[in-house]
Structures are given as C-alpha cells and as structure tokens.
$ cat model.txt   # compact mmCIF, C-alpha atoms and all ligand atoms
# COMPACT_ATOMS: atom_id res chain seq x y z
CA MET A 1 81.10 -182.29 -146.88
CA ALA A 2 79.76 -181.00 -150.15
CA ILE A 3 78.37 -177.48 -150.20
CA GLU A 4 74.56 -177.58 -150.24
CA ILE A 5 72.69 -175.86 -153.03
CA LYS A 6 69.50 -174.39 -151.63
CA SER A 7 66.28 -174.48 -153.66
CA PRO A 8 64.39 -171.25 -154.37
CA LYS A 9 61.92 -172.22 -151.61
CA GLU A 10 64.73 -172.78 -149.14
CA ILE A 11 66.26 -169.42 -150.07
CA GLU A 12 62.93 -167.75 -149.35
CA ALA A 13 62.81 -169.45 -145.93
CA LEU A 14 66.38 -168.28 -145.28
CA ARG A 15 65.35 -164.77 -146.28
CA VAL A 16 62.63 -164.82 -143.61
CA SER A 17 64.97 -165.94 -140.79
CA SER A 18 67.66 -163.55 -142.08
CA GLN A 19 65.30 -160.57 -142.13
CA MET A 20 64.28 -161.37 -138.56
CA ALA A 21 67.94 -161.26 -137.51
CA ALA A 22 68.35 -157.98 -139.43
CA GLU A 23 65.33 -156.44 -137.71
CA THR A 24 66.52 -157.50 -134.29
CA LEU A 25 69.85 -155.80 -135.02
CA LEU A 26 67.98 -152.61 -136.02
CA TYR A 27 66.03 -152.84 -132.76
CA VAL A 28 69.28 -153.09 -130.78
CA GLY A 29 70.66 -150.06 -132.64
CA ASP A 30 67.59 -148.03 -131.65
CA LYS A 31 68.03 -148.84 -127.96
CA LEU A 32 71.80 -148.98 -127.50
CA GLN A 33 73.30 -146.35 -125.22
CA ARG A 34 76.03 -145.84 -122.64
CA GLY A 35 75.19 -147.10 -119.16
CA MET A 36 73.49 -150.25 -120.45
CA THR A 37 75.07 -153.59 -119.64
CA THR A 38 75.70 -156.26 -122.24
CA ASP A 39 73.13 -158.36 -120.33
CA ASP A 40 70.58 -155.60 -121.07
CA ILE A 41 71.31 -156.07 -124.80
CA ASP A 42 71.02 -159.83 -124.41
CA THR A 43 67.55 -159.33 -122.89
CA LEU A 44 66.54 -157.05 -125.79
CA VAL A 45 67.66 -159.64 -128.34
CA HIS A 46 66.05 -162.51 -126.48
CA GLU A 47 62.71 -160.76 -126.08
CA ASP A 48 62.61 -159.41 -129.63
CA THR A 49 63.42 -162.85 -131.04
CA ILE A 50 60.77 -164.64 -128.97
CA ARG A 51 58.21 -161.96 -129.86
CA ARG A 52 58.72 -162.91 -133.51
CA GLY A 53 58.06 -166.57 -132.74
CA ALA A 54 61.71 -167.36 -133.41
CA ARG A 55 64.58 -168.74 -131.32
CA PRO A 56 67.99 -167.18 -130.59
CA ALA A 57 70.33 -169.73 -132.16
CA THR A 58 73.34 -169.01 -129.95
CA LEU A 59 71.48 -169.92 -126.73
CA HIS A 60 72.93 -173.30 -125.62
CA TYR A 61 74.76 -173.66 -128.95
CA ARG A 62 77.82 -175.76 -128.02
CA GLY A 63 77.26 -174.58 -124.46
CA PHE A 64 77.12 -170.84 -125.26
CA PRO A 65 75.02 -169.43 -122.39
CA LYS A 66 73.32 -166.36 -123.94
CA SER A 67 71.06 -165.25 -126.82
CA VAL A 68 73.61 -163.05 -128.62
CA CYS A 69 77.37 -162.50 -128.86
CA ILE A 70 78.56 -159.06 -127.73
CA SER A 71 82.18 -158.09 -128.31
CA ILE A 72 83.56 -154.79 -127.00
CA ASN A 73 86.82 -153.03 -128.05
CA ASP A 74 89.65 -155.62 -128.03
CA VAL A 75 87.14 -158.48 -127.92
CA VAL A 76 87.15 -159.91 -131.45
CA CYS A 77 84.08 -162.18 -131.29
CA HIS A 78 82.04 -164.56 -129.11
CA GLY A 79 81.85 -162.16 -126.16
CA ILE A 80 79.39 -163.43 -123.54
CA PRO A 81 76.82 -160.89 -122.30
CA GLY A 82 77.15 -160.04 -118.59
CA PRO A 83 77.43 -157.12 -116.16
CA ARG A 84 79.92 -155.08 -118.25
CA VAL A 85 78.63 -151.53 -118.76
CA LEU A 86 78.85 -149.77 -122.15
CA LYS A 87 80.89 -146.61 -121.82
CA ASN A 88 81.52 -143.57 -123.97
CA GLY A 89 83.90 -144.34 -126.84
CA ASP A 90 83.43 -148.12 -126.79
CA ILE A 91 82.91 -150.00 -130.03
CA VAL A 92 80.51 -152.89 -129.62
CA ASN A 93 79.80 -155.74 -132.03
CA VAL A 94 76.39 -157.34 -131.63
CA ASP A 95 76.07 -160.67 -133.49
CA VAL A 96 72.49 -161.92 -133.87
CA THR A 97 71.59 -165.39 -135.15
CA THR A 98 67.89 -166.16 -135.49
CA PHE A 99 66.34 -169.60 -136.02
CA TYR A 100 62.88 -169.56 -137.58
CA GLY A 101 60.94 -171.97 -139.78
CA GLY A 102 63.77 -174.47 -139.69
CA PHE A 103 66.42 -172.03 -140.99
CA HIS A 104 69.06 -169.70 -139.56
CA GLY A 105 69.88 -166.06 -140.30
CA ASP A 106 73.16 -164.59 -139.05
CA THR A 107 74.16 -160.92 -139.06
CA SER A 108 76.28 -158.58 -136.98
CA ALA A 109 77.35 -154.96 -136.82
CA THR A 110 79.67 -152.81 -134.77
CA PHE A 111 78.06 -149.91 -132.91
CA TYR A 112 79.52 -146.73 -131.43
CA VAL A 113 78.76 -145.87 -127.83
CA GLY A 114 78.55 -142.07 -127.49
CA THR A 115 81.32 -140.20 -129.29
CA PRO A 116 83.69 -142.47 -131.23
CA THR A 117 87.45 -142.29 -130.77
CA LYS A 118 89.67 -141.88 -133.83
CA ASP A 119 90.92 -145.48 -133.50
CA GLY A 120 87.42 -146.84 -132.95
CA ARG A 121 86.16 -145.10 -136.06
CA LYS A 122 89.09 -146.28 -138.14
CA VAL A 123 88.79 -149.98 -137.37
CA THR A 124 84.99 -149.94 -137.53
CA GLU A 125 84.80 -148.20 -140.90
CA VAL A 126 87.49 -150.47 -142.37
CA ALA A 127 85.51 -153.53 -141.19
CA ARG A 128 82.27 -152.12 -142.60
CA LYS A 129 83.84 -151.55 -146.01
CA ALA A 130 85.69 -154.89 -145.90
CA LEU A 131 82.36 -156.72 -145.77
CA GLU A 132 81.01 -154.77 -148.75
CA ILE A 133 84.20 -155.44 -150.72
CA GLY A 134 83.82 -159.15 -149.97
CA ILE A 135 80.16 -159.12 -151.03
CA ALA A 136 81.12 -157.49 -154.34
CA GLN A 137 83.15 -160.62 -155.21
CA VAL A 138 80.20 -162.99 -154.86
CA LYS A 139 78.78 -164.41 -158.08
CA GLU A 140 78.33 -167.77 -159.74
CA GLY A 141 81.59 -168.92 -161.29
CA GLY A 142 83.78 -166.87 -158.96
CA ARG A 143 85.96 -168.59 -156.37
CA LEU A 144 85.73 -168.38 -152.59
CA GLY A 145 89.37 -167.26 -152.52
CA ASP A 146 88.41 -164.14 -154.46
CA ILE A 147 86.37 -162.98 -151.47
CA GLY A 148 89.17 -163.43 -148.94
CA ALA A 149 91.80 -161.94 -151.25
CA ALA A 150 89.78 -158.78 -151.87
CA ILE A 151 89.08 -158.30 -148.17
CA GLN A 152 92.69 -158.90 -147.08
CA GLN A 153 94.07 -156.62 -149.79
CA TYR A 154 91.80 -153.77 -148.73
CA VAL A 155 92.19 -154.20 -144.96
CA GLU A 156 95.99 -154.38 -145.13
CA SER A 157 96.12 -151.40 -147.50
CA GLU A 158 94.47 -149.48 -144.64
CA GLY A 159 97.20 -150.62 -142.22
CA CYS A 160 94.86 -152.96 -140.33
CA SER A 161 94.89 -156.77 -140.15
CA VAL A 162 92.44 -159.62 -140.82
CA VAL A 163 91.75 -162.31 -138.22
CA LYS A 164 92.59 -165.77 -139.60
CA ASP A 165 91.30 -168.06 -136.84
CA PHE A 166 87.59 -167.38 -137.46
CA VAL A 167 85.84 -167.55 -140.82
CA GLY A 168 82.48 -167.15 -142.53
CA HIS A 169 80.40 -170.27 -143.03
CA GLY A 170 77.65 -171.95 -144.96
CA ILE A 171 74.29 -171.57 -143.24
CA GLY A 172 70.87 -173.16 -143.57
CA ARG A 173 69.09 -175.76 -141.45
CA ARG A 174 72.33 -175.87 -139.49
CA PHE A 175 73.99 -172.80 -137.95
CA HIS A 176 77.43 -173.63 -139.34
CA GLU A 177 77.69 -175.58 -142.60
CA ASP A 178 80.29 -175.93 -145.33
CA PRO A 179 81.99 -174.06 -146.87
CA GLN A 180 84.43 -172.12 -144.70
CA VAL A 181 84.71 -168.59 -146.05
CA LYS A 182 88.14 -167.17 -145.28
CA HIS A 183 88.63 -163.41 -145.07
CA TYR A 184 92.17 -163.70 -146.45
CA GLY A 185 93.86 -165.68 -149.20
CA LYS A 186 94.63 -165.71 -152.89
CA PRO A 187 92.39 -164.89 -155.85
CA HIS A 188 91.42 -167.72 -158.25
CA THR A 189 91.67 -170.31 -155.45
CA GLY A 190 89.11 -172.27 -153.47
CA GLU A 191 85.73 -173.70 -154.40
CA ARG A 192 83.74 -172.26 -157.26
CA MET A 193 80.60 -170.40 -156.18
CA LYS A 194 77.30 -171.68 -157.56
CA ALA A 195 73.83 -170.12 -157.53
CA GLY A 196 71.94 -171.42 -154.48
CA MET A 197 74.93 -171.54 -152.14
CA VAL A 198 74.25 -169.57 -148.97
CA PHE A 199 77.02 -168.47 -146.65
CA THR A 200 78.10 -165.67 -144.35
CA ILE A 201 80.91 -163.20 -144.83
CA GLU A 202 82.00 -161.77 -141.49
CA PRO A 203 85.47 -160.20 -141.52
CA MET A 204 87.03 -159.44 -138.14
CA VAL A 205 89.44 -156.53 -138.54
CA ASN A 206 92.09 -155.65 -135.96
CA LEU A 207 93.66 -152.21 -135.70
CA GLY A 208 96.99 -153.83 -134.80
CA ARG A 209 98.23 -157.36 -135.29
CA PHE A 210 96.08 -160.29 -136.47
CA GLU A 211 96.80 -162.74 -133.64
CA VAL A 212 93.95 -163.59 -131.30
CA GLN A 213 93.51 -165.68 -128.16
CA ILE A 214 90.61 -167.44 -126.44
CA ASP A 215 89.92 -166.71 -122.77
CA PRO A 216 91.03 -169.88 -120.94
CA THR A 217 88.45 -169.32 -118.18
CA ASP A 218 85.23 -169.02 -120.19
CA GLN A 219 86.56 -170.81 -123.31
CA TRP A 220 84.63 -168.38 -125.56
CA THR A 221 85.79 -164.77 -125.42
CA VAL A 222 88.25 -164.05 -128.23
CA THR A 223 90.57 -161.03 -127.80
CA THR A 224 93.41 -159.48 -129.75
CA VAL A 225 96.80 -160.56 -128.39
CA ASP A 226 98.22 -157.03 -128.70
CA GLY A 227 95.20 -155.45 -127.02
CA SER A 228 94.28 -153.44 -130.12
CA LEU A 229 90.68 -152.69 -131.11
CA SER A 230 88.75 -155.13 -133.32
CA ALA A 231 85.56 -154.61 -135.34
CA GLN A 232 83.29 -156.89 -137.37
CA PHE A 233 80.28 -156.85 -139.69
CA GLU A 234 78.42 -159.91 -140.99
CA HIS A 235 75.79 -160.68 -143.59
CA THR A 236 74.09 -163.89 -144.77
CA ILE A 237 74.37 -164.08 -148.55
CA ALA A 238 72.87 -166.23 -151.31
CA VAL A 239 74.88 -166.67 -154.52
CA THR A 240 72.93 -165.90 -157.72
CA LYS A 241 73.78 -166.21 -161.41
CA ASN A 242 74.74 -162.57 -161.75
CA GLY A 243 75.91 -161.71 -158.26
CA CYS A 244 74.29 -162.23 -154.91
CA ASP A 245 71.32 -161.60 -152.73
CA VAL A 246 72.19 -160.19 -149.28
CA LEU A 247 69.50 -161.92 -147.23
CA THR A 248 70.22 -159.89 -144.06
CA ARG A 249 70.26 -156.50 -145.86
CA ARG A 250 68.58 -153.89 -143.66
CA GLY A 251 65.60 -151.81 -144.77
CA ARG A 252 66.79 -148.66 -143.01
CA ILE A 253 69.85 -146.96 -141.51
CA LEU A 254 71.37 -148.71 -138.50
CA ARG A 255 71.34 -146.28 -135.58
CA SER A 256 74.49 -145.88 -133.44
CA SER A 257 76.50 -147.17 -136.40
CA GLU A 258 75.63 -146.10 -139.97
CA ASN A 259 74.27 -142.70 -138.91
CA ILE A 260 77.51 -141.90 -137.06
CA ALA A 261 79.62 -143.19 -139.97
CA THR A 262 77.97 -140.46 -142.06
CA VAL A 263 78.32 -137.70 -139.47
CA PHE A 264 82.07 -138.26 -139.13
CA ALA A 265 82.78 -139.05 -142.79
N1 LIG A 301 77.20 -165.81 -134.75
C1 LIG A 301 78.54 -166.34 -134.76
C2 LIG A 301 78.91 -166.49 -136.21
O1 LIG A 301 78.84 -165.53 -136.90
C3 LIG A 301 78.67 -167.64 -134.06
C4 LIG A 301 78.40 -167.58 -132.62
S1 LIG A 301 78.49 -169.14 -131.98
C5 LIG A 301 78.32 -168.89 -130.35
O2 LIG A 301 79.19 -167.52 -136.73
F1 LIG A 301 78.24 -170.05 -129.83
F2 LIG A 301 79.31 -168.20 -129.92
F3 LIG A 301 77.21 -168.20 -130.12
CO CO A 302 78.32 -166.32 -138.74
CO CO A 303 77.19 -164.27 -136.49
$ encode --input "model.txt" --output "structure tokens"
Amino acid sequence: MAIEIKSPKEIEALRVSSQMAAETLLYVGDKLQRGMTTDDIDTLVHEDTIRRGARPATLHYRGFPKSVCISINDVVCHGIPGPRVLKNGDIVNVDVTTFYGGFHGDTSATFYVGTPTKDGRKVTEVARKALEIGIAQVKEGGRLGDIGAAIQQYVESEGCSVVKDFVGHGIGRRFHEDPQVKHYGKPHTGERMKAGMVFTIEPMVNLGRFEVQIDPTDQWTVTTVDGSLSAQFEHTIAVTKNGCDVLTRRGRILRSSENIATVFA
C-alpha cells in the first residue's frame, strides 16, 4: 500500500492523540516503583486513558488482552501485564498507544526500578540515544534506510545489537500502517520521506545477540534468545520539509528514566 500523506488537520489530530499517549507515559513514570505488579501499571494506563475520553488501542487489538505492553529485562516487546512484581534493578519498557478523535498516538520508554545495574543502564541508554539518532535522520527527501542505517551503526558501535523482527510503522486512523520503518539497513535505500508522512521509530536494542523468540504459550511475549537484557524507546513522528515534528515529545522530564539517566551520567 502507498504511504499516506496526512493533511495539516490530520497531523493536528495525531498530535492530540500522541500528546495523550505522552502524558499517560509521564503519569506512569510518576507512579512506577518496586513492589508494583505489571497489572497495577495496566490499571494506571487504562484509567488515565479513559479519564481523557480516549481508548487504549492495544486492548483487544489482534486479541491482545490488556491496555498497555510491559516488557521487563529480557522481554523485548509485547509483554502482557499480569502478576509479575517489579523488583530492584529491573528495566521496564511501557508502551502506550492511545486512540482519540479517530487517530492513534504511540510512544514507549524504558524505566529503571530502584537502582539500575550497569548492564541495565548500558542497554537502556543506548536505546534512548538510538531513537534520537534515528529521529535526526528524518526529513523530506531523505530515505527510510537512512534511519535504520544510522541506528544500527550507532548501536553496534556500542557493542549492542538491533532487533530485526519488529519495526516502526506508519500510524494514523489505523494503529499499524505503511511504511515499515526498519532499525537497521543501508543508507540511501528505501522509500523517500515526504512531508506529511507520519510513522513511529521504536528501536529495540539487545545487550547481547539480536535474535528473539515469541512465547509459544501466549503467542505475544517476545524475549531475547540469549537471555540478555533488551530496551526500547518509541516516538510518533511527522515528516516536515526541514526535518520532523516529534508528536509524542514530552513536556517535562520522564521520572524513573530520564532523571536517573542524568544522575548516573
Ligand atoms: N505499541 C506496539 C507498537 O509500538 C504494538 C503493540 S500491539 C499489541 O507498535 F497488540 F501488542 F498491543
Ligand atoms: Co509502534
Ligand atoms: Co508502541
């Protein structure tokens, strides 16, 4: 399918749903602490989303049973909230997708529970920077492959690896649209970016090898094959003439994540 070009009005609607997702993530960061279960976080996301008059897009999406994806340590993505308790040293990705006014907004971050481990900090900070490096490649006339190439180059230069089985995606009235945005690849390849395209960049970075596997029992939970830690950050981004507009950009520091990044820098 062709990549949709969103009108300025559609971009403004996407900004509203995206900012809701961003604010729900900030809310989670304020509340997150050891001893909570991932179901407790799911409840926070669900209630905050409903309070805004929005809907959690993951709930019942292709059979996904909860309002948010929560992925701890060696879980790469699509973790299902449940009775698991957050413990000191865990790294926890919370991936919020909000549906409001007919449009989606999709953003995630990795949080530290208590005091980070050296490995946890390493993979989380590489993933955080990988997303920003990808964003820096976005502008009209550039190619999608430029994004993946820049991310892969950086992540591998840090001795980590990029997950290949899951990619960023176009987003709008539908949760997942064209194009696929790979977090690896070659520069000067892939579709040309045009102003009005809206897609996510969401690199999953593994501390060890890149291979991942899906839990055969629940058919959702993705883990690293080698058991190494994995971290991820995601933004929803609109391409502009001169660069891009990060629609899920947060208005303040993300607690349990960006504040700790600074403390341990
Ligand atoms: N939010 C995820 C993404 O970034 C997708 C989750 S789909 C679900 O694309 F079904 F697992 F919720
Ligand atoms: Co996404
Ligand atoms: Co997401």
$ residues_around --input "model.txt" --residues "Asp119 (chain A)" --least-positions-apart "4" --cutoff "8 Å" --atoms "all atoms listed in the file" --output "PyMOL selection string"
chain A and resi 123+207+229
$ residues_around --input "model.txt" --residues "Arg121 (chain A)" --least-positions-apart "3" --cutoff "9 Å" --atoms "all atoms listed in the file" --output "ChimeraX atom specification"
/A:91,112,116-118,124-126,261,264
$ closest_residue --input "model.txt" --among "A:Thr98, A:Thr24, A:Ser17, A:Asn88" --to "Met36 (chain A)" --atoms "all atoms listed in the file"
A:Asn88
$ atom_distance --input "model.txt" --atom1 "CA of Asp90 (chain A)" --atom2 "CA of Ile72 (chain A)"
6.7 Å
$ atom_distance --input "model.txt" --atom1 "CA of Val198 (chain A)" --atom2 "CA of Phe166 (chain A)"
17.8 Å
$ closest_residue --input "model.txt" --among "A:Thr115, A:Glu23, A:Asp218, A:Leu14" --to "Val263 (chain A)" --atoms "only C-alpha atoms"
A:Thr115
$ axis_aligned_box --input "model.txt" --around "ligand LIG 301 (chain A)" --padding-each-side "6 Å" --output "JSON"
{"center_x": 78.3, "center_y": -167.8, "center_z": -133.4, "size_x": 14.1, "size_y": 16.5, "size_z": 19.1}
$ closest_residue --input "model.txt" --among "A:Asp226, A:Gln19, A:Ser256, A:Ser161" --to "Leu32 (chain A)" --atoms "only C-alpha atoms"
A:Ser256
$ closest_residue --input "model.txt" --among "A:Gly227, A:Gly79, A:Gly114, A:Pro187" --to "ligand LIG 301 (chain A)" --atoms "all atoms listed in the file"
A:Gly79
$ residues_near_ligand --input "model.txt" --ligand "ligand CO 302 (chain A)" --cutoff "10 Å" --atoms "all atoms listed in the file" --output "PyMOL selection string"
chain A and resi 95-97+104-108+166-171+175-176+181+199-203+233-236
$ closest_residue --input "model.txt" --among "A:Val162, A:Ala57, A:Ala231, A:Met20" --to "ligand CO 303 (chain A)" --atoms "all atoms listed in the file"
A:Ala57
$ closest_residue --input "model.txt" --among "A:Thr248, A:Gln219, A:Thr262, A:Gln232" --to "Glu12 (chain A)" --atoms "only C-alpha atoms"
A:Thr248
$ atom_distance --input "model.txt" --atom1 "CA of Thr43 (chain A)" --atom2 "CA of Ser230 (chain A)"
24.0 Å
$ residues_around --input "model.txt" --residues "region 28-31 of chain A" --least-positions-apart "2" --cutoff "6 Å" --atoms "only C-alpha atoms" --output "NGL selection string"
:A and (25-26 or 255-256)
